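Structure file entry_3.txt with compact mmCIF, C-alpha atoms and all ligand atoms:
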```
# COMPACT_ATOMS: atom_id res chain seq x y z
CA MET W 1 -19.05 6.23 -42.75
CA SER W 2 -19.59 7.61 -46.23
CA ALA W 3 -18.16 5.43 -48.97
CA GLU W 4 -15.25 7.17 -50.64
CA LEU W 5 -14.70 6.80 -54.37
CA PHE W 6 -10.99 6.87 -53.66
CA PRO W 7 -9.80 5.94 -50.19
CA ARG W 8 -7.83 8.75 -48.62
CA PRO W 9 -4.36 7.52 -47.67
CA ARG W 10 -2.73 8.29 -44.35
CA ALA W 11 0.08 10.82 -44.63
CA GLU W 12 2.98 12.14 -42.59
CA VAL W 13 2.79 15.80 -43.59
CA ALA W 14 5.90 16.73 -41.58
CA PRO W 15 8.14 14.64 -39.29
CA GLY W 16 5.92 13.54 -36.39
CA ALA W 17 2.73 15.04 -37.91
CA VAL W 18 0.45 12.24 -39.05
CA HIS W 19 -3.00 12.39 -40.66
CA VAL W 20 -5.13 9.25 -40.34
CA PRO W 21 -8.34 9.70 -42.37
CA GLY W 22 -11.52 8.10 -41.07
CA TRP W 23 -10.04 6.82 -37.81
CA LEU W 24 -13.27 7.11 -35.82
CA ASP W 25 -16.20 5.16 -37.24
CA LEU W 26 -19.70 6.65 -37.20
CA GLU W 27 -20.53 5.04 -33.86
CA ALA W 28 -17.40 6.46 -32.20
CA GLN W 29 -18.11 9.87 -33.76
CA ARG W 30 -21.64 9.80 -32.35
CA GLU W 31 -20.36 8.93 -28.90
CA LEU W 32 -17.83 11.78 -28.96
CA LEU W 33 -20.44 14.21 -30.31
CA GLU W 34 -22.87 13.29 -27.51
CA ALA W 35 -20.11 13.87 -24.97
CA CYS W 36 -19.27 17.25 -26.55
CA ARG W 37 -22.91 18.30 -26.22
CA GLU W 38 -22.76 17.57 -22.49
CA TRP W 39 -19.43 19.37 -22.06
CA ALA W 40 -20.81 22.41 -23.91
CA ARG W 41 -23.48 23.01 -21.24
CA PRO W 42 -22.98 25.54 -18.48
CA PRO W 43 -21.50 25.86 -15.93
CA ALA W 44 -18.00 26.06 -17.41
CA GLY W 45 -19.56 25.42 -20.84
CA LEU W 46 -18.95 26.55 -24.39
CA ARG W 47 -17.85 30.18 -24.60
CA ARG W 48 -16.33 32.66 -27.00
CA VAL W 49 -12.75 33.52 -26.09
CA ARG W 50 -11.76 37.19 -25.81
CA MET W 51 -8.20 37.95 -26.84
CA PRO W 52 -6.02 40.38 -24.85
CA GLY W 53 -6.11 42.80 -27.82
CA GLY W 54 -9.89 43.09 -27.50
CA GLY W 55 -10.93 40.85 -30.39
CA GLU W 56 -12.92 37.67 -30.05
CA MET W 57 -12.09 34.28 -31.49
CA SER W 58 -14.67 33.09 -34.00
CA VAL W 59 -14.63 29.56 -32.61
CA ARG W 60 -16.39 28.75 -29.35
CA SER W 61 -14.48 26.60 -26.88
CA VAL W 62 -14.75 24.52 -23.76
CA GLY W 63 -11.93 22.96 -21.76
CA LEU W 64 -11.79 19.71 -19.83
CA GLY W 65 -9.29 19.04 -17.05
CA TRP W 66 -7.69 22.43 -17.50
CA HIS W 67 -9.30 25.61 -18.79
CA TRP W 68 -7.38 27.31 -21.58
CA PHE W 69 -7.44 31.10 -21.79
CA PRO W 70 -5.07 33.45 -23.68
CA TYR W 71 -2.40 32.52 -22.73
CA GLY W 72 -2.37 29.86 -20.04
CA TYR W 73 -4.32 27.18 -18.18
CA ALA W 74 -6.37 27.38 -14.99
CA ARG W 75 -8.64 25.09 -12.97
CA THR W 76 -11.52 27.59 -13.15
CA VAL W 77 -12.98 29.59 -16.02
CA VAL W 78 -11.01 32.69 -15.07
CA ASP W 79 -12.15 34.64 -18.14
CA GLY W 80 -15.76 33.46 -18.04
CA ASP W 81 -18.24 32.27 -15.43
CA GLY W 82 -15.51 31.53 -12.87
CA GLU W 83 -16.75 27.96 -12.36
CA PRO W 84 -14.46 24.93 -11.92
CA VAL W 85 -13.46 23.37 -15.23
CA LYS W 86 -15.14 20.06 -16.01
CA PRO W 87 -13.04 16.98 -15.25
CA PHE W 88 -10.96 15.28 -17.92
CA PRO W 89 -12.72 11.96 -18.53
CA PRO W 90 -10.53 8.82 -18.44
CA TYR W 91 -12.17 7.69 -21.70
CA LEU W 92 -10.45 10.59 -23.51
CA GLY W 93 -7.08 9.54 -22.10
CA GLU W 94 -7.59 6.03 -23.47
CA LEU W 95 -8.67 7.47 -26.82
CA GLY W 96 -5.58 9.71 -26.92
CA ARG W 97 -3.22 6.82 -26.24
CA ALA W 98 -4.94 4.68 -28.87
CA ALA W 99 -4.54 7.59 -31.31
CA VAL W 100 -0.80 7.84 -30.62
CA THR W 101 -0.47 4.08 -31.09
CA GLU W 102 -2.33 4.37 -34.40
CA ALA W 103 -0.34 7.34 -35.67
CA TYR W 104 3.15 6.32 -34.60
CA GLY W 105 2.92 2.53 -34.49
CA ARG W 106 4.27 2.43 -30.93
CA PRO W 107 2.28 2.09 -27.73
CA GLY W 108 0.93 5.47 -26.63
CA THR W 109 1.72 6.05 -22.95
CA ASP W 110 1.05 9.76 -22.59
CA ALA W 111 -0.91 10.94 -19.55
CA PHE W 112 -3.36 13.23 -21.34
CA ASP W 113 -5.04 15.64 -18.93
CA ILE W 114 -6.41 18.42 -21.17
CA GLY W 115 -9.30 18.25 -23.60
CA LEU W 116 -9.98 21.36 -25.66
CA VAL W 117 -13.19 21.33 -27.67
CA ASN W 118 -13.63 23.95 -30.39
CA PHE W 119 -16.88 24.52 -32.23
CA TYR W 120 -16.79 26.14 -35.68
CA ASP W 121 -19.92 27.53 -37.30
CA ASP W 122 -19.89 28.37 -41.01
CA GLY W 123 -17.75 31.49 -40.83
CA ALA W 124 -15.42 30.41 -38.03
CA ARG W 125 -11.72 29.96 -38.53
CA MET W 126 -8.54 29.78 -36.51
CA GLY W 127 -5.43 31.74 -37.40
CA LEU W 128 -2.00 30.17 -37.52
CA HIS W 129 -0.66 29.64 -34.02
CA ARG W 130 1.44 27.23 -31.99
CA ASP W 131 0.09 25.18 -29.09
CA ARG W 132 2.68 26.27 -26.57
CA ASP W 133 0.88 26.95 -23.30
CA GLU W 134 1.48 23.34 -22.23
CA HIS W 135 4.57 22.61 -20.16
CA ALA W 136 5.21 19.26 -21.82
CA ASP W 137 6.28 18.09 -25.24
CA ALA W 138 3.92 15.10 -25.54
CA PRO W 139 2.09 14.88 -28.86
CA VAL W 140 -1.19 16.69 -29.45
CA VAL W 141 -4.05 14.45 -30.63
CA SER W 142 -6.73 16.12 -32.77
CA LEU W 143 -10.12 14.59 -33.61
CA SER W 144 -12.59 16.18 -36.01
CA LEU W 145 -16.38 15.84 -36.22
CA GLY W 146 -18.97 17.27 -38.59
CA ASP W 147 -18.13 19.61 -41.45
CA THR W 148 -14.88 19.22 -43.33
CA CYS W 149 -12.29 21.97 -42.86
CA VAL W 150 -9.12 23.07 -44.54
CA PHE W 151 -6.36 22.54 -42.00
CA ARG W 152 -3.04 24.25 -42.55
CA PHE W 153 0.03 22.65 -41.02
CA GLY W 154 3.12 24.80 -41.23
CA ASN W 155 6.63 24.86 -39.87
CA THR W 156 8.17 25.58 -36.47
CA GLU W 157 9.89 28.83 -37.52
CA ASP W 158 7.15 31.25 -38.49
CA ARG W 159 3.69 31.63 -40.03
CA GLY W 160 5.05 31.55 -43.56
CA ARG W 161 5.70 28.69 -45.95
CA PRO W 162 6.37 25.84 -46.13
CA TRP W 163 2.98 24.59 -45.09
CA THR W 164 0.65 21.80 -46.13
CA ASP W 165 -3.09 22.31 -46.59
CA LEU W 166 -5.19 19.23 -46.06
CA GLU W 167 -8.83 18.44 -45.44
CA LEU W 168 -9.86 17.21 -42.03
CA ARG W 169 -13.17 15.39 -42.26
CA SER W 170 -15.45 13.89 -39.67
CA GLY W 171 -13.68 11.01 -37.94
CA ASP W 172 -10.20 12.06 -39.03
CA LEU W 173 -7.28 11.87 -36.64
CA PHE W 174 -4.30 14.20 -36.75
CA VAL W 175 -1.39 13.79 -34.35
CA PHE W 176 1.50 16.22 -34.10
CA GLY W 177 4.45 15.49 -31.87
CA GLY W 178 8.23 15.14 -31.91
CA PRO W 179 9.84 17.69 -34.23
CA SER W 180 6.37 18.98 -35.23
CA ARG W 181 4.96 19.47 -31.72
CA PHE W 182 5.42 23.24 -31.78
CA ALA W 183 4.71 23.83 -35.47
CA TYR W 184 2.33 26.59 -36.57
CA HIS W 185 -1.11 25.39 -37.64
CA GLY W 186 -4.60 26.75 -38.16
CA VAL W 187 -7.97 26.40 -39.85
CA PRO W 188 -8.36 28.84 -42.78
CA ARG W 189 -11.92 27.72 -43.45
CA VAL W 190 -14.72 25.29 -42.84
CA LEU W 191 -16.67 23.85 -45.77
CA PRO W 192 -20.33 24.33 -44.72
CA GLY W 193 -22.78 21.51 -45.25
CA THR W 194 -20.16 18.83 -45.82
CA ALA W 195 -20.91 16.82 -42.66
CA GLU W 196 -22.26 13.31 -42.94
CA PRO W 197 -26.02 13.84 -42.38
CA ALA W 198 -26.23 10.66 -40.30
CA LEU W 199 -24.05 12.27 -37.61
CA GLY W 200 -26.53 15.07 -36.97
CA LEU W 201 -24.08 17.94 -36.49
CA LYS W 202 -24.31 21.29 -38.25
CA GLY W 203 -20.86 22.88 -38.15
CA ARG W 204 -17.52 21.43 -37.08
CA LEU W 205 -16.16 20.22 -33.77
CA ASN W 206 -12.51 19.64 -33.05
CA VAL W 207 -11.28 17.97 -29.89
CA THR W 208 -7.59 18.18 -29.02
CA LEU W 209 -6.07 16.04 -26.29
CA ARG W 210 -2.91 17.33 -24.66
CA VAL W 211 -0.55 16.78 -21.75
CA SER W 212 -0.36 19.89 -19.57
CA GLY W 213 2.83 19.21 -17.62
CA LEU W 214 1.12 21.21 -14.86
CA GLU W 215 0.58 20.22 -11.21
CA GLY W 216 -2.31 20.80 -8.87
O1 LIG D 1 -9.68 22.87 -35.15
C1 LIG D 1 -8.59 22.36 -35.41
O2 LIG D 1 -8.48 21.44 -36.21
C2 LIG D 1 -7.34 22.87 -34.73
C3 LIG D 1 -7.59 23.44 -33.36
C4 LIG D 1 -6.35 23.99 -32.75
O3 LIG D 1 -5.38 24.22 -33.39
C5 LIG D 1 -6.32 24.27 -31.32
O4 LIG D 1 -7.33 24.06 -30.62
O5 LIG D 1 -5.27 24.72 -30.82
FE FE D 2 -3.69 24.55 -32.06
```
Could I get this structure in the form of structure tokens?
Amino acid sequence: MSAELFPRPRAEVAPGAVHVPGWLDLEAQRELLEACREWARPPAGLRRVRMPGGGEMSVRSVGLGWHWFPYGYARTVVDGDGEPVKPFPPYLGELGRAAVTEAYGRPGTDAFDIGLVNFYDDGARMGLHRDRDEHADAPVVSLSLGDTCVFRFGNTEDRGRPWTDLELRSGDLFVFGGPSRFAYHGVPRVLPGTAEPALGLKGRLNVTLRVSGLEG
């Protein structure tokens, strides 16, 4: 963990939306990064998502447990190689519950069953959107690795203000649930070359853990 001149305080940026800087130590970041590298491999590996309008997302993604595509979830990579999605590892469920406990100060009990890994290279970004393809209102747990990004957390009404811009750095935790579960959010930019060299990642990875509310 890089020594900060000023420690970054935790913050509740909106009701139920909590930023916990530096939650994962370097060892835990390395473990998650190693796992991401395995998950990124084919079959059902990292891919660029095509949007219904014909455009492509600039991030590359891989799902665990359920495969996300615009706009829904499936057990196979219906918009890619057609292979079964990789299983959701129990370790991520434990991590998600520990994250909820950390963020909200109450025992996390959510049965996480989706992992969505996004990889951002230097120019990648993610427009403001809501995570609303899940059929459950459990909190979303977000973990960041590698380069710092600007993360924009908005409101539940529309893509306009009010919003809060904050930096998500390697090891940071962000949880959004309760009244903020369906708030707009996005990543306007990544700050290239800001990753802790000791981690050994060029670019940024984000892992979100979610509850699908889906059967089968
Ligand atoms: O990369 C991030 O920090 C956010 C990712 C995100 O919003 C998503 O995967 O839905
Ligand atoms: Fe999202």
For this session: Using all atoms listed in the file, find each residue with an atom at most 12 Å away from ligand FE 2 (chain D) and format the answer as a PyMOL selection string.
Result: chain W and resi 68+115-118+125-134+139-143+151-154+174-176+180-187+206-210
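Remark: for ligand LIG 1 (chain D), the closest of the candidate residues W:Ser144, W:Thr109, W:Thr76, W:Ser58 is W:Ser144 (distances computed over all atoms listed in the file).
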Problem set entry | Selected residue of minimal separation from Pro179 in chain W among W:Ala44, W:Val100, W:Val77, W:Val13, counting all atoms listed in the file | W:Val13
Problem set entry | Computed interatomic separation between CA of Gly54 in chain W and CA of Tyr73 in chain W (Å) | 19.3 Å
Produce the centre coordinates and the three edge lengths, each in Å to one decimal, of the box along x, y and z that contains all listed atoms of ligand LIG 1 (chain D) with 4 Å added on each side, as AutoDock Vina command-line options.
```
--center_x -7.5 --center_y 23.1 --center_z -33.4 --size_x 12.4 --size_y 11.3 --size_z 13.6
```
For this session: Find the distance between CA of Ala40 in chain W and CA of Leu191 in chain W and write it in Å to one decimal.
Result: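 Pair CA of Ala40 in chain W / CA of Leu191 in chain W returns 22.3 Å.
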Would you mind listing what lies within 7 Å of range 80-92 of chain W as an mmCIF file with C-alpha atoms, keeping the file's coordinate frame, with all atoms listed in the file counted and same-chain residues fewer than 6 positions away left out?
```cif
data_model
loop_
_atom_site.group_PDB
_atom_site.id
_atom_site.type_symbol
_atom_site.label_atom_id
_atom_site.label_comp_id
_atom_site.auth_asym_id
_atom_site.auth_seq_id
_atom_site.Cartn_x
_atom_site.Cartn_y
_atom_site.Cartn_z
ATOM 1 C CA PRO W 43 -21.500 25.860 -15.930
ATOM 2 C CA ALA W 44 -18.000 26.060 -17.410
ATOM 3 C CA GLY W 63 -11.930 22.960 -21.760
ATOM 4 C CA LEU W 64 -11.790 19.710 -19.830
ATOM 5 C CA GLY W 65 -9.290 19.040 -17.050
ATOM 6 C CA TRP W 66 -7.690 22.430 -17.500
ATOM 7 C CA HIS W 67 -9.300 25.610 -18.790
ATOM 8 C CA ASP W 113 -5.040 15.640 -18.930
ATOM 9 C CA ILE W 114 -6.410 18.420 -21.170
ATOM 10 C CA GLY W 115 -9.300 18.250 -23.600
#
```
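With only C-alpha atoms and all ligand atoms as the basis for measurement, W:Val62 is the residue among W:Ala111, W:Ala195, W:Val62, W:Ala138 that approaches ligand LIG 1 (chain D) most closely.
The spacing separating CA of Pro52 in chain W from CA of Phe119 in chain W amounts to 20.6 Å.
For Asp25 in chain W, the non-local neighbours within 10 Å, defined as residues at least 2 positions apart in the same chain or in other chains and counting all atoms listed in the file, are Met1, Ser2, Gly22, Trp23, Glu27, Ala28, Gln29, Arg30, Ser170, Gly171 and Asp172 of chain W.
When the distance limit is 6 Å and only C-alpha atoms are what count, the residues near Val150 in chain W, minus those fewer than 3 positions from it on the same chain, are Leu166, Glu167, Val187 and Arg189 of chain W.
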Write out, as an mmCIF file, in the frame of the given file, the residues just selected, with C-alpha atoms.
```cif
data_model
loop_
_atom_site.group_PDB
_atom_site.id
_atom_site.type_symbol
_atom_site.label_atom_id
_atom_site.label_comp_id
_atom_site.auth_asym_id
_atom_site.auth_seq_id
_atom_site.Cartn_x
_atom_site.Cartn_y
_atom_site.Cartn_z
ATOM 1 C CA LEU W 166 -5.190 19.230 -46.060
ATOM 2 C CA GLU W 167 -8.830 18.440 -45.440
ATOM 3 C CA VAL W 187 -7.970 26.400 -39.850
ATOM 4 C CA ARG W 189 -11.920 27.720 -43.450
#
```
Can you patch up range 120-134 of chain W, filling it in to N, CA and C atoms, and show the result as a short mmCIF file (atom, residue, chain, number, x, y, z; two decimals), in the coordinates of the input?
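Contents of part-v7.cif, as written:
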```cif
data_model
loop_
_atom_site.label_atom_id
_atom_site.label_comp_id
_atom_site.auth_asym_id
_atom_site.auth_seq_id
_atom_site.Cartn_x
_atom_site.Cartn_y
_atom_site.Cartn_z
N TYR W 120 -16.86 25.21 -34.55
CA TYR W 120 -16.79 26.14 -35.68
C TYR W 120 -18.14 26.20 -36.36
N ASP W 121 -18.76 27.40 -36.41
CA ASP W 121 -19.92 27.53 -37.30
C ASP W 121 -19.39 27.94 -38.68
N ASP W 122 -20.31 28.22 -39.61
CA ASP W 122 -19.89 28.37 -41.01
C ASP W 122 -18.73 29.34 -41.24
N GLY W 123 -18.76 30.47 -40.54
CA GLY W 123 -17.75 31.49 -40.83
C GLY W 123 -16.53 31.40 -39.93
N ALA W 124 -16.51 30.44 -39.01
CA ALA W 124 -15.42 30.41 -38.03
C ALA W 124 -14.12 29.92 -38.65
N ARG W 125 -13.03 30.38 -38.07
CA ARG W 125 -11.72 29.96 -38.53
C ARG W 125 -10.76 30.08 -37.35
N MET W 126 -9.55 29.60 -37.55
CA MET W 126 -8.54 29.78 -36.51
C MET W 126 -7.23 30.13 -37.18
N GLY W 127 -6.68 31.27 -36.80
CA GLY W 127 -5.43 31.74 -37.40
C GLY W 127 -4.26 30.85 -37.03
N LEU W 128 -3.18 31.00 -37.78
CA LEU W 128 -2.00 30.17 -37.52
C LEU W 128 -1.43 30.51 -36.15
N HIS W 129 -1.17 29.48 -35.38
CA HIS W 129 -0.66 29.64 -34.02
C HIS W 129 0.12 28.38 -33.66
N ARG W 130 0.81 28.43 -32.54
CA ARG W 130 1.44 27.23 -31.99
C ARG W 130 0.75 26.88 -30.68
N ASP W 131 0.63 25.60 -30.38
CA ASP W 131 0.09 25.18 -29.09
C ASP W 131 1.28 25.14 -28.13
N ARG W 132 1.46 26.21 -27.38
CA ARG W 132 2.68 26.27 -26.57
C ARG W 132 2.42 26.71 -25.14
N ASP W 133 1.17 26.62 -24.69
CA ASP W 133 0.88 26.95 -23.30
C ASP W 133 1.00 25.73 -22.40
N GLU W 134 1.25 24.55 -23.01
CA GLU W 134 1.48 23.34 -22.23
C GLU W 134 2.96 23.31 -21.82
#
```
